[in-house]
$ cat entry21.txt   # compact mmCIF, C-alpha atoms
# COMPACT_ATOMS: atom_id res chain seq x y z
CA MET A 1 -83.62 -78.03 7.95
CA LYS A 2 -80.85 -75.44 8.08
CA ILE A 3 -78.60 -75.23 5.04
CA LEU A 4 -75.25 -73.45 4.66
CA ILE A 5 -74.39 -72.20 1.16
CA VAL A 6 -70.69 -71.54 0.51
CA ASP A 7 -69.38 -69.87 -2.66
CA ASP A 8 -67.10 -66.90 -3.21
CA PHE A 9 -69.47 -65.42 -5.83
CA SER A 10 -72.54 -63.79 -4.28
CA THR A 11 -74.43 -64.27 -7.55
CA MET A 12 -74.13 -68.05 -7.27
CA ARG A 13 -75.08 -68.04 -3.59
CA ARG A 14 -78.19 -66.09 -4.48
CA ILE A 15 -79.14 -68.49 -7.28
CA ILE A 16 -78.72 -71.52 -5.03
CA LYS A 17 -80.62 -69.81 -2.23
CA ASN A 18 -83.53 -69.14 -4.57
CA LEU A 19 -83.53 -72.67 -5.94
CA LEU A 20 -83.52 -74.07 -2.43
CA ARG A 21 -86.38 -71.79 -1.50
CA ASP A 22 -88.36 -73.09 -4.48
CA LEU A 23 -87.76 -76.60 -3.17
CA GLY A 24 -89.13 -75.58 0.21
CA PHE A 25 -85.86 -74.98 2.05
CA THR A 26 -86.24 -71.49 3.41
CA ASN A 27 -83.82 -71.63 6.32
CA THR A 28 -80.48 -70.89 4.69
CA ALA A 29 -77.26 -69.11 5.62
CA GLU A 30 -74.29 -68.08 3.49
CA ALA A 31 -70.51 -67.94 3.66
CA ASP A 32 -68.10 -66.70 1.02
CA ASP A 33 -65.19 -69.02 1.86
CA GLY A 34 -64.32 -72.32 3.47
CA SER A 35 -62.46 -70.51 6.22
CA SER A 36 -65.53 -68.56 7.34
CA ALA A 37 -67.84 -71.51 6.73
CA LEU A 38 -66.08 -73.94 9.07
CA PRO A 39 -66.66 -71.97 12.30
CA MET A 40 -70.26 -71.35 11.24
CA LEU A 41 -70.73 -75.11 10.87
CA GLN A 42 -69.06 -75.80 14.18
CA ASN A 43 -71.27 -73.32 16.02
CA GLY A 44 -74.44 -73.44 14.05
CA SER A 45 -76.30 -76.76 13.98
CA PHE A 46 -76.59 -76.98 10.19
CA ASP A 47 -78.22 -80.00 8.57
CA PHE A 48 -76.79 -79.67 5.09
CA LEU A 49 -73.82 -78.03 3.36
CA VAL A 50 -73.67 -76.86 -0.26
CA THR A 51 -70.22 -75.73 -1.31
CA ASP A 52 -68.19 -74.61 -4.31
CA TRP A 53 -64.63 -75.90 -4.88
CA ASN A 54 -62.58 -72.87 -5.91
CA MET A 55 -62.44 -70.32 -3.13
CA PRO A 56 -59.52 -68.06 -2.25
CA GLY A 57 -59.01 -68.88 1.45
CA MET A 58 -60.00 -72.46 2.17
CA THR A 59 -61.14 -74.42 -0.88
CA GLY A 60 -64.27 -76.57 -0.95
CA ILE A 61 -62.27 -79.79 -1.04
CA ASP A 62 -60.34 -78.71 2.07
CA LEU A 63 -63.60 -77.69 3.75
CA LEU A 64 -65.03 -81.12 2.93
CA LYS A 65 -62.00 -82.85 4.43
CA ALA A 66 -62.08 -80.63 7.52
CA VAL A 67 -65.76 -81.37 8.08
CA ARG A 68 -65.24 -85.11 7.70
CA ALA A 69 -62.35 -84.94 10.16
CA ASP A 70 -64.43 -83.10 12.77
CA GLU A 71 -66.04 -85.40 15.34
CA LYS A 72 -69.19 -83.31 15.59
CA LEU A 73 -69.57 -82.65 11.86
CA LYS A 74 -68.34 -85.82 10.19
CA ASN A 75 -71.81 -87.02 9.17
CA LEU A 76 -73.00 -83.72 7.76
CA PRO A 77 -74.47 -84.25 4.26
CA ILE A 78 -72.39 -82.29 1.74
CA LEU A 79 -73.22 -81.39 -1.86
CA MET A 80 -70.49 -79.92 -4.01
CA VAL A 81 -71.65 -77.46 -6.70
CA THR A 82 -68.70 -76.45 -8.80
CA ALA A 83 -67.22 -75.69 -12.22
CA GLU A 84 -64.37 -78.12 -11.49
CA ALA A 85 -64.95 -81.06 -13.83
CA LYS A 86 -61.73 -83.05 -14.06
CA ARG A 87 -62.14 -86.76 -13.39
CA ASP A 88 -59.38 -86.69 -10.80
CA GLN A 89 -61.18 -83.98 -8.88
CA ILE A 90 -64.52 -85.76 -8.93
CA ILE A 91 -62.82 -88.89 -7.66
CA GLU A 92 -60.93 -86.97 -5.01
CA ALA A 93 -64.16 -85.41 -3.74
CA ALA A 94 -65.93 -88.77 -3.72
CA GLN A 95 -63.08 -90.38 -1.82
CA ALA A 96 -63.07 -87.51 0.67
CA GLY A 97 -66.69 -88.29 1.43
CA VAL A 98 -68.83 -85.85 -0.57
CA ASN A 99 -72.47 -86.95 -0.84
CA GLY A 100 -73.19 -85.41 -4.23
CA TYR A 101 -71.38 -83.55 -7.02
CA VAL A 102 -73.07 -81.05 -9.34
CA VAL A 103 -71.14 -79.37 -12.13
CA LYS A 104 -71.82 -75.79 -13.24
CA PRO A 105 -73.75 -74.74 -15.19
CA PHE A 106 -76.58 -76.77 -13.70
CA THR A 107 -80.37 -76.79 -13.89
CA ALA A 108 -82.89 -76.53 -11.10
CA ALA A 109 -83.96 -80.10 -11.89
CA VAL A 110 -80.44 -81.47 -11.37
CA LEU A 111 -80.00 -79.64 -8.08
CA LYS A 112 -83.36 -80.93 -6.86
CA GLU A 113 -82.56 -84.51 -7.91
CA LYS A 114 -79.18 -84.55 -6.20
CA ILE A 115 -80.51 -83.09 -2.95
CA GLU A 116 -83.40 -85.54 -2.88
CA LYS A 117 -81.06 -88.43 -3.59
CA ILE A 118 -78.82 -87.42 -0.70
CA PHE A 119 -81.74 -87.36 1.68
CA GLU A 120 -83.08 -90.66 0.40
CA ARG A 121 -79.72 -92.28 1.08
CA ILE A 122 -79.61 -90.79 4.56
CA GLU A 123 -83.12 -92.09 5.31
CA ALA A 124 -82.14 -95.50 4.00
CA THR A 125 -79.17 -95.79 6.33
CA LYS A 126 -81.13 -94.80 9.44
CA MET B 1 -18.17 -74.93 -27.40
CA LEU B 2 -19.47 -73.43 -30.60
CA GLY B 3 -22.77 -75.18 -30.22
CA ALA B 4 -24.92 -73.02 -32.48
CA GLU B 5 -25.25 -74.82 -35.74
CA ASN B 6 -25.14 -72.19 -38.39
CA PHE B 7 -23.95 -68.95 -36.90
CA GLU B 8 -22.92 -66.21 -39.23
CA GLY B 9 -19.28 -66.08 -40.11
CA GLN B 10 -19.01 -69.83 -39.71
CA SER B 11 -17.71 -70.38 -43.22
CA GLU B 12 -15.16 -67.57 -42.83
CA LEU B 13 -13.93 -69.11 -39.60
CA LEU B 14 -13.68 -72.50 -41.27
CA ASP B 15 -11.58 -71.09 -44.08
CA GLU B 16 -9.28 -69.33 -41.66
CA LEU B 17 -8.95 -72.44 -39.52
CA LYS B 18 -8.23 -74.60 -42.57
CA GLU B 19 -5.50 -72.25 -43.67
CA ARG B 20 -3.90 -72.10 -40.23
CA ALA B 21 -4.23 -75.84 -39.79
CA ARG B 22 -2.44 -76.49 -43.05
CA GLY B 23 0.27 -74.13 -41.92
CA LEU B 24 0.42 -75.92 -38.57
CA VAL B 25 0.79 -79.33 -40.15
CA SER B 26 3.55 -78.09 -42.42
CA SER B 27 5.40 -76.41 -39.49
CA LEU B 28 5.22 -79.60 -37.49
CA GLU B 29 6.51 -81.65 -40.40
CA GLN B 30 9.47 -79.29 -40.55
CA ASN B 31 9.91 -79.62 -36.74
CA ASP B 32 9.35 -75.86 -36.51
CA PHE B 33 7.99 -75.86 -32.98
CA THR B 34 8.00 -72.07 -32.62
CA GLY B 35 6.09 -71.68 -35.86
CA ALA B 36 3.64 -74.37 -34.80
CA ALA B 37 3.06 -72.78 -31.40
CA ASP B 38 2.41 -69.46 -33.08
CA LEU B 39 -0.06 -71.00 -35.47
CA ILE B 40 -1.86 -72.71 -32.59
CA ARG B 41 -2.14 -69.31 -30.91
CA GLN B 42 -3.52 -67.83 -34.12
CA ILE B 43 -6.06 -70.66 -34.41
CA ASN B 44 -7.26 -70.01 -30.87
CA GLU B 45 -7.50 -66.31 -31.54
CA ALA B 46 -9.53 -66.93 -34.67
CA ARG B 47 -11.95 -69.07 -32.70
CA ASP B 48 -12.16 -66.54 -29.86
CA ARG B 49 -12.81 -63.64 -32.23
CA SER B 50 -15.59 -65.59 -33.78
CA ILE B 51 -17.15 -66.36 -30.45
CA TYR B 52 -16.93 -62.76 -29.29
CA ARG B 53 -18.57 -61.59 -32.50
CA GLU B 54 -21.46 -63.97 -32.08
CA VAL B 55 -21.91 -63.21 -28.41
CA GLY B 56 -21.83 -59.51 -29.20
CA LYS B 57 -24.59 -59.91 -31.77
CA LEU B 58 -26.73 -61.99 -29.50
CA THR B 59 -26.38 -59.79 -26.45
CA ARG B 60 -27.35 -56.85 -28.60
CA GLY B 61 -30.38 -58.82 -29.72
CA LEU B 62 -31.18 -59.68 -26.12
CA HIS B 63 -30.80 -56.09 -25.08
CA ASP B 64 -33.18 -55.00 -27.81
CA ALA B 65 -35.74 -57.61 -26.86
CA ILE B 66 -35.63 -56.47 -23.24
CA VAL B 67 -35.93 -52.84 -24.20
CA ASN B 68 -38.88 -53.56 -26.50
CA PHE B 69 -40.56 -55.49 -23.78
CA GLN B 70 -40.35 -52.71 -21.25
CA ILE B 71 -40.94 -49.49 -23.04
CA ASP B 72 -42.65 -50.45 -26.24
CA ALA B 73 -45.56 -48.24 -25.45
CA ALA B 74 -43.61 -45.10 -24.68
CA GLN B 75 -42.94 -44.61 -28.40
CA ASN B 76 -46.31 -43.26 -29.45
CA SER B 77 -49.71 -42.51 -28.03
CA ALA B 78 -51.48 -45.53 -29.57
CA ASP B 79 -49.07 -47.72 -27.66
CA GLN B 80 -49.47 -45.54 -24.62
CA GLU B 81 -52.74 -47.37 -24.15
CA ASN B 82 -50.84 -50.63 -24.07
CA ILE B 83 -48.72 -49.52 -21.18
CA SER B 84 -51.69 -48.53 -19.09
CA LYS B 85 -53.30 -51.84 -20.01
CA ILE B 86 -50.26 -53.75 -18.84
CA ALA B 87 -50.49 -51.91 -15.59
CA ASN B 88 -54.26 -52.20 -15.41
CA ALA B 89 -55.04 -55.68 -16.70
CA GLN B 90 -56.09 -56.73 -13.27
CA GLU B 91 -58.21 -53.62 -12.84
CA ARG B 92 -59.92 -54.29 -16.14
CA LEU B 93 -60.80 -57.83 -15.25
CA ASP B 94 -62.04 -56.69 -11.86
CA PHE B 95 -64.18 -54.21 -13.75
CA VAL B 96 -65.66 -57.07 -15.80
CA ILE B 97 -66.45 -58.96 -12.61
CA GLY B 98 -68.18 -55.84 -11.31
CA LEU B 99 -70.22 -55.45 -14.49
CA THR B 100 -71.39 -59.03 -14.53
CA GLN B 101 -72.15 -58.90 -10.79
CA ARG B 102 -74.29 -55.81 -11.17
CA SER B 103 -76.15 -57.22 -14.14
CA ALA B 104 -76.80 -60.51 -12.40
CA ASP B 105 -78.03 -58.74 -9.28
CA LYS B 106 -80.32 -56.46 -11.27
CA THR B 107 -81.77 -59.36 -13.23
CA MET B 108 -82.33 -61.42 -10.10
CA ASP B 109 -83.93 -58.45 -8.34
CA MET B 110 -86.40 -58.12 -11.19
CA VAL B 111 -87.13 -61.83 -11.15
CA GLU B 112 -87.56 -61.93 -7.37
CA GLU B 113 -89.93 -58.98 -7.47
CA GLY B 114 -91.84 -60.37 -10.43
CA ILE B 115 -92.44 -63.86 -9.06
CA PRO B 116 -94.86 -62.86 -6.28
CA VAL B 117 -96.79 -60.62 -8.72
CA VAL B 118 -97.31 -63.52 -11.11
CA GLU B 119 -98.13 -65.89 -8.27
CA LYS B 120 -100.78 -63.53 -6.93
CA LEU B 121 -102.19 -63.11 -10.42
CA GLY B 122 -102.49 -66.87 -10.76
CA ALA B 123 -104.03 -67.29 -7.34
CA ASP B 124 -106.62 -64.57 -7.93
CA ALA B 125 -107.54 -66.01 -11.32
CA LYS B 126 -107.91 -69.48 -9.83
CA ALA B 127 -110.19 -68.29 -7.07
CA LEU B 128 -112.37 -66.32 -9.48
CA HIS B 129 -112.45 -69.21 -11.89
CA GLN B 130 -113.86 -71.45 -9.17
CA GLU B 131 -116.55 -68.89 -8.42
CA TRP B 132 -117.35 -68.60 -12.12
CA GLN B 133 -117.72 -72.39 -12.33
CA ARG B 134 -120.28 -72.17 -9.57
CA LEU B 135 -122.09 -69.54 -11.57
CA ILE B 136 -122.06 -71.75 -14.64
CA ARG B 137 -123.47 -74.65 -12.63
CA ARG B 138 -126.17 -72.23 -11.47
CA GLU B 139 -125.12 -72.71 -7.84
CA MET B 140 -124.82 -69.03 -7.15
CA LYS B 141 -127.19 -66.82 -5.22
CA PRO B 142 -127.90 -63.26 -6.47
CA GLU B 143 -126.01 -61.48 -3.67
CA GLU B 144 -123.03 -63.78 -4.28
CA PHE B 145 -123.20 -62.87 -7.93
CA ARG B 146 -123.08 -59.18 -7.09
CA GLU B 147 -119.94 -59.84 -5.06
CA LEU B 148 -118.43 -61.83 -7.98
CA TYR B 149 -119.34 -59.01 -10.40
CA ARG B 150 -117.36 -56.58 -8.24
CA ARG B 151 -114.43 -58.93 -7.83
CA ILE B 152 -114.18 -59.54 -11.57
CA ASP B 153 -114.03 -55.82 -12.18
CA GLU B 154 -111.31 -55.47 -9.55
CA PHE B 155 -109.40 -58.43 -10.97
CA LEU B 156 -109.42 -57.02 -14.48
CA GLY B 157 -108.12 -53.70 -13.25
CA ASP B 158 -105.41 -55.43 -11.22
CA THR B 159 -104.41 -57.53 -14.20
CA VAL B 160 -103.91 -54.49 -16.38
CA GLN B 161 -101.70 -52.98 -13.73
CA ARG B 162 -99.78 -56.18 -13.02
CA SER B 163 -99.12 -56.83 -16.72
CA GLY B 164 -97.64 -53.38 -17.01
CA ASP B 165 -95.47 -54.04 -14.00
CA ILE B 166 -94.18 -57.37 -15.37
CA SER B 167 -93.53 -55.88 -18.80
CA GLY B 168 -91.48 -53.18 -17.15
CA LYS B 169 -89.46 -55.80 -15.30
CA PHE B 170 -88.84 -57.75 -18.51
CA ASN B 171 -87.55 -54.60 -20.05
CA SER B 172 -85.19 -53.98 -17.15
CA ILE B 173 -83.92 -57.54 -17.43
CA LEU B 174 -83.26 -57.01 -21.13
CA LEU B 175 -81.31 -53.85 -20.49
CA ALA B 176 -79.33 -55.50 -17.73
CA GLN B 177 -77.75 -57.78 -20.34
CA ASP B 178 -75.65 -54.87 -21.53
CA PHE B 179 -72.80 -56.27 -19.49
CA GLN B 180 -72.05 -58.71 -22.31
CA ASP B 181 -71.09 -56.06 -24.80
CA LEU B 182 -69.07 -53.97 -22.35
CA SER B 183 -67.27 -56.84 -20.71
CA GLY B 184 -66.63 -58.42 -24.11
CA GLN B 185 -64.80 -55.33 -25.25
CA VAL B 186 -62.69 -55.11 -22.15
CA ILE B 187 -61.84 -58.80 -22.27
CA LYS B 188 -60.79 -58.55 -25.93
CA LYS B 189 -58.30 -55.88 -25.01
CA VAL B 190 -56.88 -57.96 -22.20
CA ILE B 191 -56.56 -60.92 -24.59
CA LEU B 192 -54.52 -58.80 -27.00
CA LEU B 193 -52.35 -57.62 -24.19
CA VAL B 194 -51.68 -61.10 -22.88
CA GLN B 195 -50.82 -62.30 -26.37
CA GLU B 196 -48.35 -59.47 -26.79
CA VAL B 197 -46.68 -60.16 -23.47
CA GLU B 198 -46.43 -63.85 -24.29
CA ASP B 199 -44.88 -63.15 -27.70
CA ARG B 200 -42.27 -60.87 -26.18
CA LEU B 201 -41.43 -63.35 -23.46
CA VAL B 202 -40.97 -66.14 -25.99
CA GLU B 203 -38.69 -63.90 -28.04
CA LEU B 204 -36.70 -63.03 -24.94
CA MET B 205 -36.30 -66.67 -24.02
CA ARG B 206 -35.27 -67.60 -27.52
CA VAL B 207 -32.52 -65.00 -27.67
CA ALA B 208 -31.33 -65.75 -24.16
CA GLY B 209 -31.15 -69.43 -25.08
CA GLN B 210 -28.93 -68.66 -28.05
CA VAL B 211 -26.54 -66.60 -25.94
CA GLU B 212 -26.19 -69.45 -23.51
CA GLU B 213 -25.50 -71.93 -26.29
CA ILE B 214 -22.86 -69.80 -27.97
CA THR B 215 -20.98 -69.02 -24.83
CA GLY B 216 -21.24 -72.63 -23.72
CA ILE B 217 -22.41 -71.57 -20.29
CA PHE B 218 -25.48 -73.77 -20.29
CA ARG B 219 -27.02 -76.24 -22.66
CA ALA B 220 -30.14 -74.97 -24.40
CA PRO B 221 -32.98 -75.22 -21.91
CA ASP B 222 -35.02 -78.34 -22.42
CA LEU B 223 -38.48 -76.83 -22.38
CA ALA B 224 -40.09 -80.24 -22.34
CA LYS B 225 -38.82 -80.74 -18.84
CA VAL B 226 -41.10 -78.16 -17.23
CA PRO B 227 -41.41 -79.25 -13.62
CA ALA B 228 -44.73 -80.92 -12.95
CA GLY B 229 -47.06 -79.07 -10.60
CA PRO B 230 -49.20 -80.67 -7.93
CA ASP B 231 -51.21 -83.58 -9.30
CA VAL B 232 -54.68 -82.14 -9.06
CA VAL B 233 -54.74 -78.44 -9.91
CA PRO B 234 -58.17 -76.76 -9.93
CA GLU B 235 -58.76 -75.19 -13.33
CA GLY B 236 -62.09 -73.46 -13.06
CA PRO B 237 -64.81 -73.71 -15.72
CA HIS B 238 -63.57 -75.74 -18.71
CA VAL B 239 -63.75 -73.90 -22.00
CA ASN B 240 -62.94 -76.88 -24.26
CA ALA B 241 -64.01 -79.84 -22.19
CA HIS B 242 -64.72 -81.94 -25.27
CA LYS B 243 -61.07 -81.71 -26.34
CA ARG B 244 -59.70 -83.12 -23.11
CA GLU B 245 -59.50 -86.67 -21.94
CA ASP B 246 -59.34 -85.84 -18.27
CA VAL B 247 -62.40 -83.58 -18.10
CA VAL B 248 -66.04 -84.67 -18.00
CA SER B 249 -68.54 -83.00 -20.31
CA GLY B 250 -71.60 -82.57 -18.16
CA GLN B 251 -73.64 -83.75 -15.21
CA ASP B 252 -74.42 -87.10 -16.87
CA ASP B 253 -70.71 -87.86 -17.19
CA VAL B 254 -70.20 -86.95 -13.53
CA ASP B 255 -73.00 -89.30 -12.49
CA ASP B 256 -71.65 -92.11 -14.68
CA LEU B 257 -68.14 -91.69 -13.29
CA LEU B 258 -69.33 -91.75 -9.70
CA SER B 259 -71.59 -94.76 -10.11
CA SER B 260 -68.91 -96.66 -12.00
CA LEU B 261 -66.73 -96.25 -8.92
CA GLY B 262 -69.44 -97.39 -6.61
CA PHE B 263 -70.29 -94.03 -5.13
$ encode --input "entry21.txt" --output "structure tokens"
Amino acid sequence: MKILIVDDFSTMRRIIKNLLRDLGFTNTAEADDGSSALPMLQNGSFDFLVTDWNMPGMTGIDLLKAVRADEKLKNLPILMVTAEAKRDQIIEAAQAGVNGYVVKPFTAAVLKEKIEKIFERIEATK
Amino acid sequence: MLGAENFEGQSELLDELKERARGLVSSLEQNDFTGAADLIRQINEARDRSIYREVGKLTRGLHDAIVNFQIDAAQNSADQENISKIANAQERLDFVIGLTQRSADKTMDMVEEGIPVVEKLGADAKALHQEWQRLIRREMKPEEFRELYRRIDEFLGDTVQRSGDISGKFNSILLAQDFQDLSGQVIKKVILLVQEVEDRLVELMRVAGQVEEITGIFRAPDLAKVPAGPDVVPEGPHVNAHKREDVVSGQDDVDDLLSSLGF
């Protein structure tokens, strides 16, 4: 299970990386923007994407839409982890096909629950 | 044309106009066209003088507001700081980002180094505990006991050393929280600066609006008609989420919203 963590703050990437490691996911990579993340996804055989919303180059919502529009990547499970908490944004992300939405600040328990839920749903649809 | 409601000199102008108007009416009644035309000219001049006076006052006010805005700080050394802050607001906030980044990294370093130490401590204790249980159940042979005896001694020594190590890390973590004080101070200064800039801008706009009204160039700007931005503008972390209708207040709200929509 290879996971890509995308956030423009290295502190947050590190926190998520550590939390994922505690959950047993040790194979992780990082990107600091949607624009550098997309080529990594296209070339890299990732199984899961965790992304922030607000990033200077390509935002998380645009990354989400780009991934869903890509033939190879469209079924990639995506979890958004972000400070953006307006209803309209949550709805927009859901309609664009995000698999889970975690608002900052979050706890390890919440992150774990959302990731597990995403995988359960994927198993269920197989 | 004279849109401003209560400009200075209004009552003087009114008196002058009344007087001239009376004169005008009386000239007209006497069919004195030349006299009437002259009075009309005088009425116009009275109005124009009044306008020029008001415009003069307001443009002076506008000029002053602009001057204050630009060079306020140059007056004395206390304000000198304000000028460099205006120029350096971005630098200061970048500095805060740097502080918080360094503190977070330091804290996480200490935590990441500390976790394996604690895990090893736990694992060693568990293993020894199992051996000790065997001893208690009298399942242990003498040579095994000698080995246990040695291991206990080693464990105790290790524990003393590991506790010291972890205490040191806790201390480092504590010290790393100094970013709060330093960044708080810097942010307070930026807040003051922003407030000052906003106040000056509002003043500038107010005076400019009056000039426009008096000279009849434009109607007073309708500030309520600020053009709407794109529908969904990212706003970053919400400071007063509970005061807003359009913002959720936590993960539970997010989950409720999504499930209510069938996601």
$ residues_around --input "entry21.txt" --residues "region 42-59 of chain B" --least-positions-apart "3" --cutoff "7 Å" --atoms "all atoms listed in the file" --output "PDB file with C-alpha atoms, keeping the file's coordinate frame"
ATOM      1  CA  LEU B  13     -13.930 -69.110 -39.600  1.00  0.00           C
ATOM      2  CA  LEU B  17      -8.950 -72.440 -39.520  1.00  0.00           C
ATOM      3  CA  ARG B  20      -3.900 -72.100 -40.230  1.00  0.00           C
ATOM      4  CA  ASP B  38       2.410 -69.460 -33.080  1.00  0.00           C
ATOM      5  CA  LEU B  39      -0.060 -71.000 -35.470  1.00  0.00           C
ATOM      6  CA  LEU B  62     -31.180 -59.680 -26.120  1.00  0.00           C
ATOM      7  CA  HIS B  63     -30.800 -56.090 -25.080  1.00  0.00           C
ATOM      8  CA  VAL B 207     -32.520 -65.000 -27.670  1.00  0.00           C
ATOM      9  CA  VAL B 211     -26.540 -66.600 -25.940  1.00  0.00           C
ATOM     10  CA  ILE B 214     -22.860 -69.800 -27.970  1.00  0.00           C
ATOM     11  CA  THR B 215     -20.980 -69.020 -24.830  1.00  0.00           C
TER      12      THR B 215
END
$ atom_distance --input "entry21.txt" --atom1 "CA of Gly100 (chain A)" --atom2 "CA of Lys243 (chain B)"
25.5 Å
$ atom_distance --input "entry21.txt" --atom1 "CA of Tyr101 (chain A)" --atom2 "CA of Met80 (chain A)"
4.8 Å
$ closest_atom_pairs --input "entry21.txt" --of "chain A" --to "chain B" --cutoff "6 Å" --atoms "all atoms listed in the file" --output "JSON lines"
{"residue": "A:Ala83", "atom": "CA", "partner": "B:Pro237", "partner_atom": "CA", "distance": 4.7}
{"residue": "A:Glu84", "atom": "CA", "partner": "B:Gly236", "partner_atom": "CA", "distance": 5.4}
{"residue": "A:Ala85", "atom": "CA", "partner": "B:Val247", "partner_atom": "CA", "distance": 5.6}
{"residue": "A:Lys86", "atom": "CA", "partner": "B:Val247", "partner_atom": "CA", "distance": 4.1}
{"residue": "A:Arg87", "atom": "CA", "partner": "B:Val247", "partner_atom": "CA", "distance": 5.7}
{"residue": "A:Val103", "atom": "CA", "partner": "B:Gln251", "partner_atom": "CA", "distance": 5.9}
$ residues_around --input "entry21.txt" --residues "region 43-49 of chain A" --least-positions-apart "3" --cutoff "10 Å" --atoms "all atoms listed in the file" --output "list in words"
Met1, Lys2, Ile3, Leu4, Ile5, Val6, Asn27, Thr28, Ala29, Glu30, Ala37, Leu38, Pro39, Met40, Leu64, Val67, Lys72, Leu73, Asn75, Leu76, Pro77, Ile78, Leu79, Met80, Asn99, Ile115, Ile118 and Phe119 of chain A
$ closest_residue --input "entry21.txt" --among "A:Val81, A:Ala66, A:Ile91, A:Ala96" --to "Ile16 (chain A)" --atoms "all atoms listed in the file"
A:Val81
$ residues_near_point --input "entry21.txt" --point "(-68.8, -66.4, 0.7)" --cutoff "8 Å" --atoms "only C-alpha atoms" --output "PDB file with C-alpha atoms, keeping the file's coordinate frame"
ATOM      1  CA  VAL A   6     -70.690 -71.540   0.510  1.00  0.00           C
ATOM      2  CA  ASP A   7     -69.380 -69.870  -2.660  1.00  0.00           C
ATOM      3  CA  ASP A   8     -67.100 -66.900  -3.210  1.00  0.00           C
ATOM      4  CA  PHE A   9     -69.470 -65.420  -5.830  1.00  0.00           C
ATOM      5  CA  SER A  10     -72.540 -63.790  -4.280  1.00  0.00           C
ATOM      6  CA  ARG A  13     -75.080 -68.040  -3.590  1.00  0.00           C
ATOM      7  CA  GLU A  30     -74.290 -68.080   3.490  1.00  0.00           C
ATOM      8  CA  ALA A  31     -70.510 -67.940   3.660  1.00  0.00           C
ATOM      9  CA  ASP A  32     -68.100 -66.700   1.020  1.00  0.00           C
ATOM     10  CA  ASP A  33     -65.190 -69.020   1.860  1.00  0.00           C
ATOM     11  CA  GLY A  34     -64.320 -72.320   3.470  1.00  0.00           C
ATOM     12  CA  SER A  36     -65.530 -68.560   7.340  1.00  0.00           C
ATOM     13  CA  ALA A  37     -67.840 -71.510   6.730  1.00  0.00           C
TER      14      ALA A  37
END
$ closest_residue --input "entry21.txt" --among "A:Leu23, A:Met58, A:Leu63, A:Ile15" --to "Leu41 (chain A)" --atoms "all atoms listed in the file"
A:Leu63
$ closest_residue --input "entry21.txt" --among "B:Val118, B:Asp64, B:Met110, B:Leu182" --to "Gly98 (chain B)" --atoms "all atoms listed in the file"
B:Leu182
$ atom_distance --input "entry21.txt" --atom1 "CA of Arg68 (chain A)" --atom2 "CA of Glu116 (chain A)"
21.0 Å
$ axis_aligned_box --input "entry21.txt" --around "region 205-213 of chain B" --padding-each-side "4 Å" --output "JSON"
{"center_x": -30.9, "center_y": -68.5, "center_z": -25.8, "size_x": 18.8, "size_y": 14.9, "size_z": 12.5}
$ closest_residue --input "entry21.txt" --among "B:Val194, B:Val111, B:Met205, B:Met140" --to "Ile173 (chain B)" --atoms "all atoms listed in the file"
B:Val111
$ closest_residue --input "entry21.txt" --among "A:Thr82, A:Thr11, A:Ser35, A:Gln42" --to "Lys106 (chain B)" --atoms "all atoms listed in the file"
A:Thr11
$ residues_around --input "entry21.txt" --residues "Asp158 (chain B)" --least-positions-apart "3" --cutoff "12 Å" --atoms "all atoms listed in the file" --output "list in words"
Val117, Val118, Lys120, Leu121, Gly122, Asp124, Ala125, Arg151, Ile152, Asp153, Glu154, Phe155, Gln161, Arg162, Ser163, Gly164 and Asp165 of chain B
